[in-house]
file run-v9.pdb (PDB, N, CA and C atoms)
ATOM      1  N   MET A   1      -8.505  -4.823  27.196
ATOM      2  CA  MET A   1      -7.144  -4.388  27.460
ATOM      3  C   MET A   1      -6.336  -4.307  26.167
ATOM      4  N   ALA A   2      -6.457  -5.315  25.310
ATOM      5  CA  ALA A   2      -5.695  -5.329  24.065
ATOM      6  C   ALA A   2      -6.150  -4.218  23.132
ATOM      7  N   ALA A   3      -7.447  -3.919  23.138
ATOM      8  CA  ALA A   3      -7.961  -2.858  22.273
ATOM      9  C   ALA A   3      -7.423  -1.497  22.703
ATOM     10  N   SER A   4      -7.333  -1.269  23.994
ATOM     11  CA  SER A   4      -6.802   0.013  24.453
ATOM     12  C   SER A   4      -5.307   0.125  24.139
ATOM     13  N   ASN A   5      -4.574  -0.988  24.244
ATOM     14  CA  ASN A   5      -3.153  -0.972  23.883
ATOM     15  C   ASN A   5      -2.982  -0.696  22.394
ATOM     16  N   LEU A   6      -3.843  -1.289  21.576
ATOM     17  CA  LEU A   6      -3.765  -1.067  20.139
ATOM     18  C   LEU A   6      -4.068   0.393  19.813
ATOM     19  N   ALA A   7      -5.096   0.939  20.442
ATOM     20  CA  ALA A   7      -5.447   2.336  20.202
ATOM     21  C   ALA A   7      -4.317   3.258  20.652
ATOM     22  N   LEU A   8      -3.718   2.968  21.778
ATOM     23  CA  LEU A   8      -2.602   3.776  22.273
ATOM     24  C   LEU A   8      -1.404   3.685  21.334
ATOM     25  N   GLU A   9      -1.124   2.502  20.845
ATOM     26  CA  GLU A   9      -0.003   2.309  19.917
ATOM     27  C   GLU A   9      -0.254   3.047  18.604
ATOM     28  N   MET A  10      -1.469   2.966  18.069
ATOM     29  CA  MET A  10      -1.803   3.675  16.833
ATOM     30  C   MET A  10      -1.695   5.190  17.047
ATOM     31  N   HIS A  11      -2.110   5.665  18.208
ATOM     32  CA  HIS A  11      -2.011   7.093  18.514
ATOM     33  C   HIS A  11      -0.547   7.537  18.561
ATOM     34  N   SER A  12       0.307   6.745  19.180
ATOM     35  CA  SER A  12       1.722   7.122  19.268
ATOM     36  C   SER A  12       2.390   7.076  17.897
ATOM     37  N   ILE A  13       2.015   6.106  17.058
ATOM     38  CA  ILE A  13       2.564   6.037  15.700
ATOM     39  C   ILE A  13       2.124   7.258  14.905
ATOM     40  N   GLY A  14       0.856   7.640  15.044
ATOM     41  CA  GLY A  14       0.355   8.826  14.361
ATOM     42  C   GLY A  14       1.067  10.098  14.802
ATOM     43  N   GLU A  15       1.335  10.216  16.099
ATOM     44  CA  GLU A  15       2.055  11.386  16.601
ATOM     45  C   GLU A  15       3.483  11.439  16.063
ATOM     46  N   ARG A  16       4.149  10.286  16.028
ATOM     47  CA  ARG A  16       5.517  10.257  15.496
ATOM     48  C   ARG A  16       5.539  10.617  14.007
ATOM     49  N   LEU A  17       4.559  10.109  13.253
ATOM     50  CA  LEU A  17       4.483  10.423  11.831
ATOM     51  C   LEU A  17       4.214  11.907  11.614
ATOM     52  N   LEU A  18       3.311  12.472  12.396
ATOM     53  CA  LEU A  18       3.019  13.896  12.288
ATOM     54  C   LEU A  18       4.254  14.731  12.629
ATOM     55  N   HIS A  19       4.978  14.336  13.661
ATOM     56  CA  HIS A  19       6.196  15.052  14.057
ATOM     57  C   HIS A  19       7.228  14.992  12.939
ATOM     58  N   LYS A  20       7.378  13.826  12.306
ATOM     59  CA  LYS A  20       8.331  13.673  11.218
ATOM     60  C   LYS A  20       7.920  14.506  10.008
ATOM     61  N   LEU A  21       6.618  14.551   9.726
ATOM     62  CA  LEU A  21       6.144  15.364   8.607
ATOM     63  C   LEU A  21       6.362  16.851   8.862
ATOM     64  N   GLN A  22       6.239  17.290  10.087
ATOM     65  CA  GLN A  22       6.452  18.693  10.403
ATOM     66  C   GLN A  22       7.924  19.074  10.287
ATOM     67  N   ARG A  23       8.829  18.135  10.537
ATOM     68  CA  ARG A  23      10.264  18.421  10.436
ATOM     69  C   ARG A  23      10.799  18.184   9.032
ATOM     70  N   LEU A  24       9.985  17.685   8.110
ATOM     71  CA  LEU A  24      10.472  17.312   6.784
ATOM     72  C   LEU A  24      11.060  18.481   5.995
ATOM     73  N   PRO A  25      10.502  19.697   6.022
ATOM     74  CA  PRO A  25      11.121  20.788   5.246
ATOM     75  C   PRO A  25      12.555  21.119   5.680
ATOM     76  N   GLN A  26      12.910  20.887   6.943
ATOM     77  CA  GLN A  26      14.263  21.174   7.408
ATOM     78  C   GLN A  26      15.158  19.933   7.388
ATOM     79  N   ALA A  27      14.672  18.836   6.876
ATOM     80  CA  ALA A  27      15.425  17.577   6.922
ATOM     81  C   ALA A  27      16.534  17.557   5.883
ATOM     82  N   GLU A  28      17.450  16.631   6.092
ATOM     83  CA  GLU A  28      18.529  16.402   5.137
ATOM     84  C   GLU A  28      17.951  15.786   3.865
ATOM     85  N   PRO A  29      18.619  15.979   2.739
ATOM     86  CA  PRO A  29      18.124  15.381   1.489
ATOM     87  C   PRO A  29      18.005  13.857   1.554
ATOM     88  N   VAL A  30      18.898  13.218   2.295
ATOM     89  CA  VAL A  30      18.833  11.756   2.417
ATOM     90  C   VAL A  30      17.562  11.336   3.144
ATOM     91  N   GLU A  31      17.188  12.077   4.181
ATOM     92  CA  GLU A  31      15.961  11.756   4.908
ATOM     93  C   GLU A  31      14.728  11.978   4.040
ATOM     94  N   ILE A  32      14.750  13.016   3.225
ATOM     95  CA  ILE A  32      13.620  13.290   2.337
ATOM     96  C   ILE A  32      13.472  12.167   1.313
ATOM     97  N   VAL A  33      14.582  11.723   0.746
ATOM     98  CA  VAL A  33      14.539  10.633  -0.234
ATOM     99  C   VAL A  33      14.070   9.339   0.431
ATOM    100  N   ALA A  34      14.571   9.052   1.613
ATOM    101  CA  ALA A  34      14.161   7.826   2.308
ATOM    102  C   ALA A  34      12.672   7.851   2.638
ATOM    103  N   PHE A  35      12.183   8.986   3.092
ATOM    104  CA  PHE A  35      10.760   9.109   3.402
ATOM    105  C   PHE A  35       9.923   8.975   2.136
ATOM    106  N   SER A  36      10.387   9.559   1.030
ATOM    107  CA  SER A  36       9.670   9.447  -0.241
ATOM    108  C   SER A  36       9.621   8.005  -0.723
ATOM    109  N   VAL A  37      10.720   7.286  -0.567
ATOM    110  CA  VAL A  37      10.748   5.880  -0.974
ATOM    111  C   VAL A  37       9.758   5.069  -0.146
ATOM    112  N   LEU A  38       9.705   5.321   1.153
ATOM    113  CA  LEU A  38       8.749   4.604   2.004
ATOM    114  C   LEU A  38       7.304   4.916   1.629
ATOM    115  N   VAL A  39       7.019   6.171   1.320
ATOM    116  CA  VAL A  39       5.656   6.548   0.931
ATOM    117  C   VAL A  39       5.289   5.900  -0.403
ATOM    118  N   ILE A  40       6.201   5.906  -1.354
ATOM    119  CA  ILE A  40       5.933   5.289  -2.655
ATOM    120  C   ILE A  40       5.756   3.782  -2.504
ATOM    121  N   PHE A  41       6.583   3.145  -1.700
ATOM    122  CA  PHE A  41       6.461   1.707  -1.475
ATOM    123  C   PHE A  41       5.111   1.368  -0.853
ATOM    124  N   THR A  42       4.698   2.146   0.140
ATOM    125  CA  THR A  42       3.404   1.911   0.777
ATOM    126  C   THR A  42       2.264   2.092  -0.218
ATOM    127  N   ALA A  43       2.346   3.120  -1.047
ATOM    128  CA  ALA A  43       1.304   3.351  -2.045
ATOM    129  C   ALA A  43       1.233   2.213  -3.057
ATOM    130  N   ILE A  44       2.369   1.694  -3.480
ATOM    131  CA  ILE A  44       2.390   0.585  -4.438
ATOM    132  C   ILE A  44       1.798  -0.668  -3.819
ATOM    133  N   VAL A  45       2.147  -0.963  -2.576
ATOM    134  CA  VAL A  45       1.597  -2.140  -1.903
ATOM    135  C   VAL A  45       0.084  -2.023  -1.780
ATOM    136  N   LEU A  46      -0.410  -0.850  -1.405
ATOM    137  CA  LEU A  46      -1.858  -0.661  -1.300
ATOM    138  C   LEU A  46      -2.541  -0.772  -2.660
ATOM    139  N   LEU A  47      -1.917  -0.250  -3.709
ATOM    140  CA  LEU A  47      -2.481  -0.355  -5.051
ATOM    141  C   LEU A  47      -2.527  -1.812  -5.515
ATOM    142  N   LEU A  48      -1.459  -2.559  -5.261
ATOM    143  CA  LEU A  48      -1.447  -3.977  -5.631
ATOM    144  C   LEU A  48      -2.480  -4.773  -4.837
ATOM    145  N   LEU A  49      -2.639  -4.439  -3.567
ATOM    146  CA  LEU A  49      -3.649  -5.105  -2.743
ATOM    147  C   LEU A  49      -5.048  -4.812  -3.266
ATOM    148  N   LEU A  50      -5.301  -3.564  -3.610
ATOM    149  CA  LEU A  50      -6.600  -3.185  -4.154
ATOM    150  C   LEU A  50      -6.860  -3.882  -5.486
ATOM    151  N   THR A  51      -5.848  -3.979  -6.326
ATOM    152  CA  THR A  51      -5.988  -4.667  -7.603
ATOM    153  C   THR A  51      -6.265  -6.153  -7.406
ATOM    154  N   ALA A  52      -5.568  -6.773  -6.475
ATOM    155  CA  ALA A  52      -5.768  -8.203  -6.223
ATOM    156  C   ALA A  52      -7.166  -8.472  -5.684
ATOM    157  N   VAL A  53      -7.628  -7.647  -4.770
ATOM    158  CA  VAL A  53      -8.970  -7.832  -4.216
ATOM    159  C   VAL A  53     -10.019  -7.606  -5.301
ATOM    160  N   GLY A  54      -9.820  -6.594  -6.116
ATOM    161  CA  GLY A  54     -10.752  -6.324  -7.203
ATOM    162  C   GLY A  54     -10.790  -7.446  -8.221
ATOM    163  N   TYR A  55      -9.652  -8.027  -8.499
ATOM    164  CA  TYR A  55      -9.586  -9.105  -9.472
ATOM    165  C   TYR A  55     -10.211 -10.381  -8.918
ATOM    166  N   CYS A  56      -9.972 -10.676  -7.665
ATOM    167  CA  CYS A  56     -10.456 -11.924  -7.080
ATOM    168  C   CYS A  56     -11.920 -11.861  -6.661
ATOM    169  N   CYS A  57     -12.374 -10.738  -6.170
ATOM    170  CA  CYS A  57     -13.697 -10.666  -5.555
ATOM    171  C   CYS A  57     -14.786 -10.126  -6.471
ATOM    172  N   CYS A  58     -14.426  -9.344  -7.464
ATOM    173  CA  CYS A  58     -15.445  -8.780  -8.350
ATOM    174  C   CYS A  58     -15.843  -9.818  -9.395
ATOM    175  N   PRO A  59     -17.123  -9.826  -9.778
ATOM    176  CA  PRO A  59     -17.545 -10.797 -10.793
ATOM    177  C   PRO A  59     -16.886 -10.484 -12.131
ATOM    178  N   LYS A  60     -16.596 -11.518 -12.843
ATOM    179  CA  LYS A  60     -15.943 -11.350 -14.135
ATOM    180  C   LYS A  60     -16.964 -10.846 -15.149
ATOM    181  N   ARG A  61     -16.517  -9.937 -15.982
ATOM    182  CA  ARG A  61     -17.403  -9.430 -17.031
ATOM    183  C   ARG A  61     -17.444 -10.463 -18.147
ATOM    184  N   GLY A  62     -18.618 -10.745 -18.613
ATOM    185  CA  GLY A  62     -18.784 -11.784 -19.635
ATOM    186  C   GLY A  62     -18.370 -11.294 -20.998
ATOM    187  N   GLY A  63     -17.219 -11.662 -21.410
ATOM    188  CA  GLY A  63     -16.763 -11.359 -22.760
ATOM    189  C   GLY A  63     -16.953 -12.593 -23.628
ATOM    190  N   ARG A  64     -16.857 -12.416 -24.911
ATOM    191  CA  ARG A  64     -16.998 -13.558 -25.808
ATOM    192  C   ARG A  64     -15.694 -14.339 -25.799
ATOM    193  N   ARG A  65     -15.796 -15.595 -25.498
ATOM    194  CA  ARG A  65     -14.597 -16.445 -25.443
ATOM    195  C   ARG A  65     -14.731 -17.567 -26.461
ATOM    196  N   ALA A  66     -13.645 -17.886 -27.078
ATOM    197  CA  ALA A  66     -13.642 -18.954 -28.069
ATOM    198  C   ALA A  66     -13.460 -20.284 -27.362
ATOM    199  N   ALA A  67     -14.234 -21.263 -27.778
ATOM    200  CA  ALA A  67     -14.097 -22.596 -27.206
ATOM    201  C   ALA A  67     -12.870 -23.265 -27.801
ATOM    202  N   VAL A  68     -12.088 -23.864 -26.951
ATOM    203  CA  VAL A  68     -10.879 -24.541 -27.393
ATOM    204  C   VAL A  68     -11.106 -26.030 -27.267
ATOM    205  N   GLY A  69     -10.863 -26.743 -28.341
ATOM    206  CA  GLY A  69     -11.049 -28.183 -28.325
ATOM    207  C   GLY A  69      -9.731 -28.884 -28.610
ATOM    208  N   PRO A  70      -9.724 -30.199 -28.481
ATOM    209  CA  PRO A  70      -8.491 -30.932 -28.763
ATOM    210  C   PRO A  70      -8.176 -30.897 -30.256
ATOM    211  N   THR A  71      -6.883 -30.867 -30.557
ATOM    212  CA  THR A  71      -6.477 -30.866 -31.952
ATOM    213  C   THR A  71      -6.322 -32.294 -32.436
ATOM    214  N   THR A  72      -6.610 -32.508 -33.686
ATOM    215  CA  THR A  72      -6.449 -33.848 -34.265
ATOM    216  C   THR A  72      -5.124 -33.891 -35.016
ATOM    217  N   PRO A  73      -4.397 -34.984 -34.908
ATOM    218  CA  PRO A  73      -3.123 -35.063 -35.629
ATOM    219  C   PRO A  73      -3.370 -35.192 -37.131
ATOM    220  N   PRO A  74      -2.473 -34.648 -37.947
ATOM    221  CA  PRO A  74      -2.663 -34.700 -39.421
ATOM    222  C   PRO A  74      -2.523 -36.072 -40.015
TER     223      PRO A  74
END
call {"tool": "encode", "arguments": {"input": "run-v9.pdb", "output": "structure tokens"}}
result
Amino acid sequence: MAASNLALEMHSIGERLLHKLQRLPQAEPVEIVAFSVLVIFTAIVLLLLLTAVGYCCCPKRGGRRAAVGPTTPP
């Protein structure tokens, strides 16, 4: 039951988004700017998520690292 509700909800969201995209050429400039800001924000969040997953989950490349030891006082 929950899966069918989720699928129905995703379908309705997709239809609303498609309808909004079809009306975008006739939209007010404020609506175009607001939609652009939302698209850019979504793209940035996805890019940051992809970067975080890549940084955390991918093996680190072995670079040469200098060993750091304790310093002795003069």
call {"tool": "select_by_dssp", "arguments": {"input": "run-v9.pdb", "residues": "chain A", "states": "helix (DSSP H, G or I)", "output": "ChimeraX atom specification"}}
result
/A:2-26,29-57
call {"tool": "write_last_selection", "arguments": {"input": "run-v9.pdb", "atoms": "N, CA and C atoms", "output": "compact mmCIF listing (two decimals), keeping the file's coordinate frame"}}
result
# COMPACT_ATOMS: atom_id res chain seq x y z
N ALA A 2 -6.46 -5.32 25.31
CA ALA A 2 -5.70 -5.33 24.06
C ALA A 2 -6.15 -4.22 23.13
N ALA A 3 -7.45 -3.92 23.14
CA ALA A 3 -7.96 -2.86 22.27
C ALA A 3 -7.42 -1.50 22.70
N SER A 4 -7.33 -1.27 23.99
CA SER A 4 -6.80 0.01 24.45
C SER A 4 -5.31 0.12 24.14
N ASN A 5 -4.57 -0.99 24.24
CA ASN A 5 -3.15 -0.97 23.88
C ASN A 5 -2.98 -0.70 22.39
N LEU A 6 -3.84 -1.29 21.58
CA LEU A 6 -3.76 -1.07 20.14
C LEU A 6 -4.07 0.39 19.81
N ALA A 7 -5.10 0.94 20.44
CA ALA A 7 -5.45 2.34 20.20
C ALA A 7 -4.32 3.26 20.65
N LEU A 8 -3.72 2.97 21.78
CA LEU A 8 -2.60 3.78 22.27
C LEU A 8 -1.40 3.68 21.33
N GLU A 9 -1.12 2.50 20.84
CA GLU A 9 0.00 2.31 19.92
C GLU A 9 -0.25 3.05 18.60
N MET A 10 -1.47 2.97 18.07
CA MET A 10 -1.80 3.68 16.83
C MET A 10 -1.70 5.19 17.05
N HIS A 11 -2.11 5.66 18.21
CA HIS A 11 -2.01 7.09 18.51
C HIS A 11 -0.55 7.54 18.56
N SER A 12 0.31 6.74 19.18
CA SER A 12 1.72 7.12 19.27
C SER A 12 2.39 7.08 17.90
N ILE A 13 2.02 6.11 17.06
CA ILE A 13 2.56 6.04 15.70
C ILE A 13 2.12 7.26 14.90
N GLY A 14 0.86 7.64 15.04
CA GLY A 14 0.36 8.83 14.36
C GLY A 14 1.07 10.10 14.80
N GLU A 15 1.34 10.22 16.10
CA GLU A 15 2.06 11.39 16.60
C GLU A 15 3.48 11.44 16.06
N ARG A 16 4.15 10.29 16.03
CA ARG A 16 5.52 10.26 15.50
C ARG A 16 5.54 10.62 14.01
N LEU A 17 4.56 10.11 13.25
CA LEU A 17 4.48 10.42 11.83
C LEU A 17 4.21 11.91 11.61
N LEU A 18 3.31 12.47 12.40
CA LEU A 18 3.02 13.90 12.29
C LEU A 18 4.25 14.73 12.63
N HIS A 19 4.98 14.34 13.66
CA HIS A 19 6.20 15.05 14.06
C HIS A 19 7.23 14.99 12.94
N LYS A 20 7.38 13.83 12.31
CA LYS A 20 8.33 13.67 11.22
C LYS A 20 7.92 14.51 10.01
N LEU A 21 6.62 14.55 9.73
CA LEU A 21 6.14 15.36 8.61
C LEU A 21 6.36 16.85 8.86
N GLN A 22 6.24 17.29 10.09
CA GLN A 22 6.45 18.69 10.40
C GLN A 22 7.92 19.07 10.29
N ARG A 23 8.83 18.14 10.54
CA ARG A 23 10.26 18.42 10.44
C ARG A 23 10.80 18.18 9.03
N LEU A 24 9.98 17.68 8.11
CA LEU A 24 10.47 17.31 6.78
C LEU A 24 11.06 18.48 6.00
N PRO A 25 10.50 19.70 6.02
CA PRO A 25 11.12 20.79 5.25
C PRO A 25 12.56 21.12 5.68
N GLN A 26 12.91 20.89 6.94
CA GLN A 26 14.26 21.17 7.41
C GLN A 26 15.16 19.93 7.39
N PRO A 29 18.62 15.98 2.74
CA PRO A 29 18.12 15.38 1.49
C PRO A 29 18.00 13.86 1.55
N VAL A 30 18.90 13.22 2.30
CA VAL A 30 18.83 11.76 2.42
C VAL A 30 17.56 11.34 3.14
N GLU A 31 17.19 12.08 4.18
CA GLU A 31 15.96 11.76 4.91
C GLU A 31 14.73 11.98 4.04
N ILE A 32 14.75 13.02 3.22
CA ILE A 32 13.62 13.29 2.34
C ILE A 32 13.47 12.17 1.31
N VAL A 33 14.58 11.72 0.75
CA VAL A 33 14.54 10.63 -0.23
C VAL A 33 14.07 9.34 0.43
N ALA A 34 14.57 9.05 1.61
CA ALA A 34 14.16 7.83 2.31
C ALA A 34 12.67 7.85 2.64
N PHE A 35 12.18 8.99 3.09
CA PHE A 35 10.76 9.11 3.40
C PHE A 35 9.92 8.98 2.14
N SER A 36 10.39 9.56 1.03
CA SER A 36 9.67 9.45 -0.24
C SER A 36 9.62 8.01 -0.72
N VAL A 37 10.72 7.29 -0.57
CA VAL A 37 10.75 5.88 -0.97
C VAL A 37 9.76 5.07 -0.15
N LEU A 38 9.70 5.32 1.15
CA LEU A 38 8.75 4.60 2.00
C LEU A 38 7.30 4.92 1.63
N VAL A 39 7.02 6.17 1.32
CA VAL A 39 5.66 6.55 0.93
C VAL A 39 5.29 5.90 -0.40
N ILE A 40 6.20 5.91 -1.35
CA ILE A 40 5.93 5.29 -2.66
C ILE A 40 5.76 3.78 -2.50
N PHE A 41 6.58 3.14 -1.70
CA PHE A 41 6.46 1.71 -1.48
C PHE A 41 5.11 1.37 -0.85
N THR A 42 4.70 2.15 0.14
CA THR A 42 3.40 1.91 0.78
C THR A 42 2.26 2.09 -0.22
N ALA A 43 2.35 3.12 -1.05
CA ALA A 43 1.30 3.35 -2.04
C ALA A 43 1.23 2.21 -3.06
N ILE A 44 2.37 1.69 -3.48
CA ILE A 44 2.39 0.58 -4.44
C ILE A 44 1.80 -0.67 -3.82
N VAL A 45 2.15 -0.96 -2.58
CA VAL A 45 1.60 -2.14 -1.90
C VAL A 45 0.08 -2.02 -1.78
N LEU A 46 -0.41 -0.85 -1.40
CA LEU A 46 -1.86 -0.66 -1.30
C LEU A 46 -2.54 -0.77 -2.66
N LEU A 47 -1.92 -0.25 -3.71
CA LEU A 47 -2.48 -0.36 -5.05
C LEU A 47 -2.53 -1.81 -5.52
N LEU A 48 -1.46 -2.56 -5.26
CA LEU A 48 -1.45 -3.98 -5.63
C LEU A 48 -2.48 -4.77 -4.84
N LEU A 49 -2.64 -4.44 -3.57
CA LEU A 49 -3.65 -5.11 -2.74
C LEU A 49 -5.05 -4.81 -3.27
N LEU A 50 -5.30 -3.56 -3.61
CA LEU A 50 -6.60 -3.18 -4.15
C LEU A 50 -6.86 -3.88 -5.49
N THR A 51 -5.85 -3.98 -6.33
CA THR A 51 -5.99 -4.67 -7.60
C THR A 51 -6.26 -6.15 -7.41
N ALA A 52 -5.57 -6.77 -6.48
CA ALA A 52 -5.77 -8.20 -6.22
C ALA A 52 -7.17 -8.47 -5.68
N VAL A 53 -7.63 -7.65 -4.77
CA VAL A 53 -8.97 -7.83 -4.22
C VAL A 53 -10.02 -7.61 -5.30
N GLY A 54 -9.82 -6.59 -6.12
CA GLY A 54 -10.75 -6.32 -7.20
C GLY A 54 -10.79 -7.45 -8.22
N TYR A 55 -9.65 -8.03 -8.50
CA TYR A 55 -9.59 -9.10 -9.47
C TYR A 55 -10.21 -10.38 -8.92
N CYS A 56 -9.97 -10.68 -7.66
CA CYS A 56 -10.46 -11.92 -7.08
C CYS A 56 -11.92 -11.86 -6.66
N CYS A 57 -12.37 -10.74 -6.17
CA CYS A 57 -13.70 -10.67 -5.56
C CYS A 57 -14.79 -10.13 -6.47
call {"tool": "atom_distance", "arguments": {"input": "run-v9.pdb", "atom1": "atom N of Tyr55 (chain A)", "atom2": "atom C of Ile40 (chain A)"}}
result
20.3 Å
call {"tool": "atom_distance", "arguments": {"input": "run-v9.pdb", "atom1": "CA of Ala34 (chain A)", "atom2": "CA of Asn5 (chain A)"}}
result
29.0 Å
call {"tool": "axis_aligned_box", "arguments": {"input": "run-v9.pdb", "around": "region 21-29 of chain A", "padding_each_side": "6 Å", "output": "lines of an AutoDock Vina configuration file"}}
result
center_x = 12.4
center_y = 17.5
center_z = 6.0
size_x = 24.5
size_y = 19.3
size_z = 21.0
call {"tool": "atom_distance", "arguments": {"input": "run-v9.pdb", "atom1": "CA of Leu24 (chain A)", "atom2": "CA of Leu38 (chain A)"}}
result
13.7 Å
